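Novice: Input structure: work-v6.pdb, which contains PDB, C-alpha atoms.
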ATOM      1  CA  MET G   1      12.797  24.830   3.080  1.00  0.00           C
ATOM      2  CA  PRO G   2      12.704  28.588   3.804  1.00  0.00           C
ATOM      3  CA  VAL G   3      12.033  28.077   7.510  1.00  0.00           C
ATOM      4  CA  ASN G   4      12.071  31.751   8.532  1.00  0.00           C
ATOM      5  CA  GLU G   5       9.648  32.687   5.762  1.00  0.00           C
ATOM      6  CA  ILE G   6       7.325  29.873   6.796  1.00  0.00           C
ATOM      7  CA  ILE G   7       7.410  31.055  10.423  1.00  0.00           C
ATOM      8  CA  GLN G   8       6.487  34.583   9.350  1.00  0.00           C
ATOM      9  CA  PHE G   9       3.781  33.251   7.048  1.00  0.00           C
ATOM     10  CA  ARG G  10       2.200  31.310   9.904  1.00  0.00           C
ATOM     11  CA  LYS G  11       2.219  34.340  12.179  1.00  0.00           C
ATOM     12  CA  HIS G  12       0.121  36.382   9.772  1.00  0.00           C
ATOM     13  CA  ALA G  13      -1.975  33.795   7.893  1.00  0.00           C
ATOM     14  CA  ASN G  14      -5.498  32.730   8.824  1.00  0.00           C
ATOM     15  CA  GLU G  15      -6.381  29.161   9.817  1.00  0.00           C
ATOM     16  CA  ASP G  16      -7.134  27.977   6.290  1.00  0.00           C
ATOM     17  CA  ARG G  17      -3.890  29.332   4.875  1.00  0.00           C
ATOM     18  CA  ASN G  18      -1.903  27.804   7.725  1.00  0.00           C
ATOM     19  CA  LEU G  19      -3.577  24.464   7.090  1.00  0.00           C
ATOM     20  CA  GLU G  20      -2.794  24.757   3.381  1.00  0.00           C
ATOM     21  CA  MET G  21       0.857  25.284   4.226  1.00  0.00           C
ATOM     22  CA  GLU G  22       0.854  22.278   6.578  1.00  0.00           C
ATOM     23  CA  VAL G  23      -0.690  20.065   3.902  1.00  0.00           C
ATOM     24  CA  VAL G  24       1.828  21.254   1.311  1.00  0.00           C
ATOM     25  CA  ILE G  25       4.802  20.643   3.615  1.00  0.00           C
ATOM     26  CA  HIS G  26       3.698  17.055   4.271  1.00  0.00           C
ATOM     27  CA  CYS G  27       2.028  16.146   0.967  1.00  0.00           C
ATOM     28  CA  ALA G  28       3.656  18.154  -1.835  1.00  0.00           C
ATOM     29  CA  PRO G  29       4.625  15.116  -3.953  1.00  0.00           C
ATOM     30  CA  LEU G  30       0.990  14.010  -4.043  1.00  0.00           C
ATOM     31  CA  ILE G  31      -0.286  17.532  -4.702  1.00  0.00           C
ATOM     32  CA  LYS G  32       2.129  17.903  -7.601  1.00  0.00           C
ATOM     33  CA  GLY G  33       1.194  14.553  -9.117  1.00  0.00           C
ATOM     34  CA  ILE G  34       4.372  12.548  -8.599  1.00  0.00           C
ATOM     35  CA  LYS G  35       3.226  10.368  -5.682  1.00  0.00           C
ATOM     36  CA  LEU G  36       0.124   8.232  -5.202  1.00  0.00           C
ATOM     37  CA  ALA G  37      -0.695   9.215  -1.635  1.00  0.00           C
ATOM     38  CA  ASN G  38       0.533  10.871   1.549  1.00  0.00           C
ATOM     39  CA  LEU G  39      -0.277  10.677   5.243  1.00  0.00           C
ATOM     40  CA  MET G  40      -0.183  13.357   7.926  1.00  0.00           C
ATOM     41  CA  THR G  41      -1.640  14.082  11.365  1.00  0.00           C
ATOM     42  CA  ILE G  42      -4.302  16.748  11.899  1.00  0.00           C
ATOM     43  CA  SER G  43      -6.603  17.918  14.681  1.00  0.00           C
ATOM     44  CA  ASP G  44     -10.369  17.535  14.830  1.00  0.00           C
ATOM     45  CA  ARG G  45     -10.695  21.256  14.159  1.00  0.00           C
ATOM     46  CA  GLU G  46      -8.528  20.991  11.040  1.00  0.00           C
ATOM     47  CA  GLN G  47     -10.498  17.971   9.839  1.00  0.00           C
ATOM     48  CA  GLU G  48     -13.562  20.161   9.375  1.00  0.00           C
ATOM     49  CA  ARG G  49     -11.718  22.343   6.836  1.00  0.00           C
ATOM     50  CA  ILE G  50     -10.185  19.601   4.681  1.00  0.00           C
ATOM     51  CA  PRO G  51     -13.192  19.072   2.337  1.00  0.00           C
ATOM     52  CA  PHE G  52     -13.227  22.784   1.514  1.00  0.00           C
ATOM     53  CA  LEU G  53      -9.458  23.008   0.955  1.00  0.00           C
ATOM     54  CA  LEU G  54      -9.407  19.986  -1.364  1.00  0.00           C
ATOM     55  CA  GLU G  55     -12.505  20.836  -3.361  1.00  0.00           C
ATOM     56  CA  GLY G  56     -11.673  20.906  -7.068  1.00  0.00           C
ATOM     57  CA  THR G  57      -8.185  19.397  -6.688  1.00  0.00           C
ATOM     58  CA  GLY G  58      -9.011  15.822  -7.707  1.00  0.00           C
ATOM     59  CA  ILE G  59      -7.486  14.629  -4.439  1.00  0.00           C
ATOM     60  CA  SER G  60      -9.497  12.282  -2.216  1.00  0.00           C
ATOM     61  CA  TYR G  61      -9.225  12.044   1.561  1.00  0.00           C
ATOM     62  CA  PHE G  62      -9.883   9.620   4.396  1.00  0.00           C
ATOM     63  CA  PHE G  63      -9.588  10.115   8.157  1.00  0.00           C
ATOM     64  CA  PHE G  64      -8.164   7.509  10.538  1.00  0.00           C
ATOM     65  CA  PRO G  65      -9.027   8.246  14.198  1.00  0.00           C
ATOM     66  CA  ILE G  66      -5.920   7.925  16.382  1.00  0.00           C
ATOM     67  CA  SER G  67      -7.040   9.744  19.557  1.00  0.00           C
ATOM     68  CA  LYS G  68      -9.892  11.830  20.898  1.00  0.00           C
ATOM     69  CA  SER G  69      -8.530  14.947  19.232  1.00  0.00           C
ATOM     70  CA  LYS G  70      -6.212  13.721  16.450  1.00  0.00           C
ATOM     71  CA  ARG G  71      -6.655  12.046  13.071  1.00  0.00           C
ATOM     72  CA  PHE G  72      -4.421  10.616  10.402  1.00  0.00           C
ATOM     73  CA  LEU G  73      -5.301  12.382   7.169  1.00  0.00           C
ATOM     74  CA  TYR G  74      -4.764  10.076   4.201  1.00  0.00           C
ATOM     75  CA  LEU G  75      -4.681  11.973   0.906  1.00  0.00           C
ATOM     76  CA  TYR G  76      -4.739  10.009  -2.331  1.00  0.00           C
ATOM     77  CA  ARG G  77      -5.697   9.924  -5.982  1.00  0.00           C
ATOM     78  CA  ALA G  78      -8.156   7.056  -6.147  1.00  0.00           C
ATOM     79  CA  LYS G  79      -7.565   5.975  -9.746  1.00  0.00           C
ATOM     80  CA  TRP G  80      -3.794   5.912  -9.316  1.00  0.00           C
ATOM     81  CA  VAL G  81      -3.820   4.092  -5.977  1.00  0.00           C
ATOM     82  CA  CYS G  82      -6.329   1.525  -7.238  1.00  0.00           C
ATOM     83  CA  GLY G  83      -4.156   0.864 -10.266  1.00  0.00           C
ATOM     84  CA  TYR G  84      -1.255   0.142  -7.939  1.00  0.00           C
ATOM     85  CA  LEU G  85      -3.246  -1.963  -5.464  1.00  0.00           C
ATOM     86  CA  ASN G  86      -4.748  -4.015  -8.291  1.00  0.00           C
ATOM     87  CA  SER G  87      -1.380  -4.933  -9.769  1.00  0.00           C
ATOM     88  CA  MET G  88      -0.825  -8.657  -9.333  1.00  0.00           C
ATOM     89  CA  GLN G  89       1.979  -8.592  -6.755  1.00  0.00           C
ATOM     90  CA  ILE G  90       0.376  -5.917  -4.591  1.00  0.00           C
ATOM     91  CA  SER G  91      -3.061  -7.541  -4.803  1.00  0.00           C
ATOM     92  CA  ASP G  92      -1.619 -10.916  -3.760  1.00  0.00           C
ATOM     93  CA  PHE G  93       0.285  -9.283  -0.894  1.00  0.00           C
ATOM     94  CA  LEU G  94      -2.855  -7.563   0.407  1.00  0.00           C
ATOM     95  CA  LYS G  95      -4.905 -10.749   0.187  1.00  0.00           C
ATOM     96  CA  GLU G  96      -2.237 -12.512   2.247  1.00  0.00           C
ATOM     97  CA  HIS G  97      -2.759  -9.797   4.859  1.00  0.00           C
ATOM     98  CA  GLY G  98      -6.516 -10.170   4.985  1.00  0.00           C
ATOM     99  CA  TYR G  99      -7.717  -7.682   2.381  1.00  0.00           C
ATOM    100  CA  GLN G 100     -10.137  -9.869   0.464  1.00  0.00           C
ATOM    101  CA  ILE G 101     -11.311  -7.125  -1.891  1.00  0.00           C
ATOM    102  CA  PRO G 102     -12.545  -8.019  -5.409  1.00  0.00           C
ATOM    103  CA  SER G 103     -10.428  -6.652  -8.262  1.00  0.00           C
ATOM    104  CA  LEU G 104     -11.699  -3.491  -9.884  1.00  0.00           C
ATOM    105  CA  MET G 105     -13.632  -4.400 -13.006  1.00  0.00           C
ATOM    106  CA  ALA G 106     -13.495  -2.345 -16.189  1.00  0.00           C
ATOM    107  CA  GLY G 107     -15.681   0.703 -15.717  1.00  0.00           C
ATOM    108  CA  GLY G 108     -15.765   0.212 -11.952  1.00  0.00           C
ATOM    109  CA  ASP G 109     -15.559   3.073  -9.468  1.00  0.00           C
ATOM    110  CA  PRO G 110     -12.078   3.302  -7.899  1.00  0.00           C
ATOM    111  CA  GLU G 111     -13.461   5.372  -5.009  1.00  0.00           C
ATOM    112  CA  GLU G 112     -15.783   2.524  -4.008  1.00  0.00           C
ATOM    113  CA  GLN G 113     -12.943   0.016  -4.061  1.00  0.00           C
ATOM    114  CA  MET G 114     -10.765   2.372  -2.022  1.00  0.00           C
ATOM    115  CA  LYS G 115     -13.501   2.668   0.602  1.00  0.00           C
ATOM    116  CA  SER G 116     -13.508  -1.140   0.940  1.00  0.00           C
ATOM    117  CA  TYR G 117      -9.746  -1.226   1.421  1.00  0.00           C
ATOM    118  CA  LEU G 118      -9.710   1.740   3.782  1.00  0.00           C
ATOM    119  CA  ARG G 119     -12.438   0.351   6.026  1.00  0.00           C
ATOM    120  CA  ILE G 120     -10.204  -2.622   6.792  1.00  0.00           C
ATOM    121  CA  LEU G 121      -7.080  -0.509   7.163  1.00  0.00           C
ATOM    122  CA  SER G 122      -8.913   1.946   9.424  1.00  0.00           C
ATOM    123  CA  GLN G 123     -10.014  -0.850  11.752  1.00  0.00           C
ATOM    124  CA  ARG G 124      -6.396  -1.981  12.065  1.00  0.00           C
ATOM    125  CA  VAL G 125      -5.092   1.529  12.724  1.00  0.00           C
ATOM    126  CA  ILE G 126      -7.704   1.945  15.461  1.00  0.00           C
ATOM    127  CA  MET G 127      -6.708  -1.433  16.964  1.00  0.00           C
ATOM    128  CA  TYR G 128      -3.085  -0.315  17.010  1.00  0.00           C
ATOM    129  CA  HIS G 129      -3.868   2.834  18.955  1.00  0.00           C
ATOM    130  CA  ASN G 130      -6.053   0.890  21.354  1.00  0.00           C
ATOM    131  CA  ARG G 131      -3.727  -2.071  21.895  1.00  0.00           C
ATOM    132  CA  GLY G 132      -0.157  -1.004  21.186  1.00  0.00           C
ATOM    133  CA  LYS G 133       2.632  -1.143  18.642  1.00  0.00           C
ATOM    134  CA  ASP G 134       2.543  -4.918  17.942  1.00  0.00           C
ATOM    135  CA  SER G 135      -0.649  -4.579  15.943  1.00  0.00           C
ATOM    136  CA  PHE G 136       0.425  -1.722  13.683  1.00  0.00           C
ATOM    137  CA  PRO G 137      -0.619  -2.421  10.059  1.00  0.00           C
ATOM    138  CA  HIS G 138       2.679  -1.884   8.269  1.00  0.00           C
ATOM    139  CA  GLU G 139       1.014  -2.872   5.004  1.00  0.00           C
ATOM    140  CA  ILE G 140      -0.086   0.758   5.007  1.00  0.00           C
ATOM    141  CA  GLY G 141       3.121   1.310   3.033  1.00  0.00           C
ATOM    142  CA  VAL G 142       1.576   0.004  -0.181  1.00  0.00           C
ATOM    143  CA  PHE G 143      -1.363   2.392   0.284  1.00  0.00           C
ATOM    144  CA  LEU G 144       1.225   5.173   0.205  1.00  0.00           C
ATOM    145  CA  GLY G 145       2.787   3.828  -2.984  1.00  0.00           C
ATOM    146  CA  TYR G 146       5.920   2.420  -1.368  1.00  0.00           C
ATOM    147  CA  PRO G 147       7.677  -0.314  -3.378  1.00  0.00           C
ATOM    148  CA  LEU G 148       6.568  -3.764  -2.272  1.00  0.00           C
ATOM    149  CA  SER G 149      10.162  -4.904  -1.730  1.00  0.00           C
ATOM    150  CA  ASP G 150      10.655  -2.150   0.846  1.00  0.00           C
ATOM    151  CA  VAL G 151       7.357  -2.887   2.606  1.00  0.00           C
ATOM    152  CA  LYS G 152       8.240  -6.579   2.797  1.00  0.00           C
ATOM    153  CA  GLY G 153      11.772  -5.768   3.934  1.00  0.00           C
ATOM    154  CA  PHE G 154      10.414  -3.682   6.781  1.00  0.00           C
ATOM    155  CA  LEU G 155       7.962  -6.414   7.824  1.00  0.00           C
ATOM    156  CA  GLU G 156      10.600  -9.140   7.700  1.00  0.00           C
ATOM    157  CA  ASP G 157      13.236  -7.148   9.635  1.00  0.00           C
ATOM    158  CA  ASP G 158      10.848  -5.275  11.940  1.00  0.00           C
ATOM    159  CA  GLY G 159      12.289  -2.016  10.650  1.00  0.00           C
ATOM    160  CA  ASP G 160      15.922  -3.039  11.056  1.00  0.00           C
ATOM    161  CA  GLY G 161      18.508  -3.709   8.359  1.00  0.00           C
ATOM    162  CA  CYS G 162      17.494  -1.002   5.903  1.00  0.00           C
ATOM    163  CA  ILE G 163      20.218   0.404   3.654  1.00  0.00           C
ATOM    164  CA  CYS G 164      18.959   4.001   3.843  1.00  0.00           C
ATOM    165  CA  THR G 165      16.055   6.060   5.117  1.00  0.00           C
ATOM    166  CA  GLY G 166      14.132   8.855   3.425  1.00  0.00           C
ATOM    167  CA  TYR G 167      10.395   9.063   2.962  1.00  0.00           C
ATOM    168  CA  TRP G 168      10.418   5.383   3.975  1.00  0.00           C
ATOM    169  CA  LYS G 169      12.993   2.754   4.915  1.00  0.00           C
ATOM    170  CA  VAL G 170      14.756   1.353   1.844  1.00  0.00           C
ATOM    171  CA  TYR G 171      15.846  -2.267   1.398  1.00  0.00           C
ATOM    172  CA  GLY G 172      17.001  -2.228  -2.214  1.00  0.00           C
ATOM    173  CA  PHE G 173      17.902  -0.024  -5.205  1.00  0.00           C
ATOM    174  CA  GLU G 174      19.409   2.601  -2.929  1.00  0.00           C
ATOM    175  CA  GLU G 175      20.527   5.139  -5.530  1.00  0.00           C
ATOM    176  CA  SER G 176      17.237   5.203  -7.423  1.00  0.00           C
ATOM    177  CA  LYS G 177      15.353   5.702  -4.142  1.00  0.00           C
ATOM    178  CA  LYS G 178      17.684   8.515  -3.088  1.00  0.00           C
ATOM    179  CA  ASN G 179      17.085  10.197  -6.441  1.00  0.00           C
ATOM    180  CA  LEU G 180      13.338   9.836  -5.926  1.00  0.00           C
ATOM    181  CA  PHE G 181      13.559  11.303  -2.421  1.00  0.00           C
ATOM    182  CA  ARG G 182      15.522  14.265  -3.813  1.00  0.00           C
ATOM    183  CA  ARG G 183      12.802  14.791  -6.387  1.00  0.00           C
ATOM    184  CA  TYR G 184      10.172  14.735  -3.628  1.00  0.00           C
ATOM    185  CA  ASN G 185      12.156  17.336  -1.662  1.00  0.00           C
ATOM    186  CA  GLU G 186      12.566  19.569  -4.713  1.00  0.00           C
ATOM    187  CA  THR G 187       8.834  19.326  -5.368  1.00  0.00           C
ATOM    188  CA  ARG G 188       8.123  20.349  -1.788  1.00  0.00           C
ATOM    189  CA  GLU G 189      10.371  23.387  -2.144  1.00  0.00           C
ATOM    190  CA  ILE G 190       8.479  24.459  -5.267  1.00  0.00           C
ATOM    191  CA  ALA G 191       5.052  23.944  -3.680  1.00  0.00           C
ATOM    192  CA  VAL G 192       5.982  25.763  -0.473  1.00  0.00           C
ATOM    193  CA  ARG G 193       7.300  28.691  -2.487  1.00  0.00           C
ATOM    194  CA  GLU G 194       4.033  28.865  -4.420  1.00  0.00           C
ATOM    195  CA  ILE G 195       2.027  29.063  -1.192  1.00  0.00           C
ATOM    196  CA  LEU G 196       4.379  31.720   0.206  1.00  0.00           C
ATOM    197  CA  ASP G 197       3.862  33.704  -3.003  1.00  0.00           C
ATOM    198  CA  GLY G 198       0.111  33.800  -2.414  1.00  0.00           C
ATOM    199  CA  ARG G 199      -1.234  30.909  -4.453  1.00  0.00           C
ATOM    200  CA  THR G 200      -3.795  28.492  -2.992  1.00  0.00           C
ATOM    201  CA  LEU G 201      -3.745  24.725  -2.702  1.00  0.00           C
ATOM    202  CA  LYS G 202      -6.372  24.486  -5.435  1.00  0.00           C
ATOM    203  CA  GLU G 203      -4.224  26.590  -7.752  1.00  0.00           C
ATOM    204  CA  ILE G 204      -1.032  24.578  -7.326  1.00  0.00           C
ATOM    205  CA  ALA G 205      -2.511  21.061  -7.384  1.00  0.00           C
ATOM    206  CA  VAL G 206      -1.747  19.113 -10.567  1.00  0.00           C
TER     207      VAL G 206
END
So that I can check it, write out the structure of this file as structure tokens.

Specialist:
Amino acid sequence: MPVNEIIQFRKHANEDRNLEMEVVIHCAPLIKGIKLANLMTISDREQERIPFLLEGTGISYFFFPISKSKRFLYLYRAKWVCGYLNSMQISDFLKEHGYQIPSLMAGGDPEEQMKSYLRILSQRVIMYHNRGKDSFPHEIGVFLGYPLSDVKGFLEDDGDGCICTGYWKVYGFEESKKNLFRRYNETREIAVREILDGRTLKEIAV
């Protein structure tokens, strides 16, 4: 990324533009339509601006409290994530981990189903930050669109034994994952450049 340009941008930009840049740096693959979801950390003050920044983008959001002043910001495209979560293997995996959510019926509202999933996940994230690392809900990986084999590999090995690391820890199909990570990085470069050139988050979202 053009680090020096980003530093100069942040010096002169207002709060909303700085927040747009932060969202793009962390969530460009989602914004550009090649990833189901992304997760980043924001402050309470920044949380207030998220609805305005995302208006008209087609991107949904959910906040996970992690401290008195910080939140996880989960950005997602509800229809895409629901399609993934309702696939047979992912659905079975989530049920095994306590997500007893009915499958989305034809014509159903994916946002409503996502709220049901996220209520459970949010409770577990809060428990983790109250009780410590042993309770962290690593199944969050499937909510971010990670391959199930990699999520299971992480759970089985407690994060050890991966064959490479990028946007997540990889336990199989190394070359295809590396190619995907390169594509994510290239997409981030494009999105960052668009923001530096004066475009808004709403204008660059696909």

Novice: Could you spell out the hits of the PyMOL selection byres ((chain G and resi 186-191) around 12) on the shown file, as a ChimeraX atom specification?

Specialist: /G:1-3,6,20-35,179-185,192-206

Novice: Here's the selection I'm unsure about, the PyMOL selection byres ((chain G and resi 145) around 10); applied to the file above, which residues does it give, as a VMD selection string?

Specialist: chain G and resid 35 to 38 76 80 to 81 84 to 85 140 to 144 146 to 148 151

Novice: Around (-2.3, 19.7, 10.2) in the file's frame, which residues reach within 6 Å when counting all atoms listed in the file? Return as a list in words?

Specialist: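 The requested residues, written out, are Leu19, Glu22, Thr41 and Ile42 of chain G.
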
Novice: Mind writing the picked residues with C-alpha atoms as a PDB file, in the coordinates of the input?

Specialist:
ATOM      1  CA  LEU G  19      -3.577  24.464   7.090  1.00  0.00           C
ATOM      2  CA  GLU G  22       0.854  22.278   6.578  1.00  0.00           C
ATOM      3  CA  THR G  41      -1.640  14.082  11.365  1.00  0.00           C
ATOM      4  CA  ILE G  42      -4.302  16.748  11.899  1.00  0.00           C
TER       5      ILE G  42
END

Novice: Residue by residue, what does the PyMOL selection byres ((chain G and resi 63-65) around 12) grab here? Present the result as a VMD selection string.

Specialist: chain G and resid 39 to 44 46 to 48 50 to 51 60 to 62 66 to 76 115 118 to 130 140
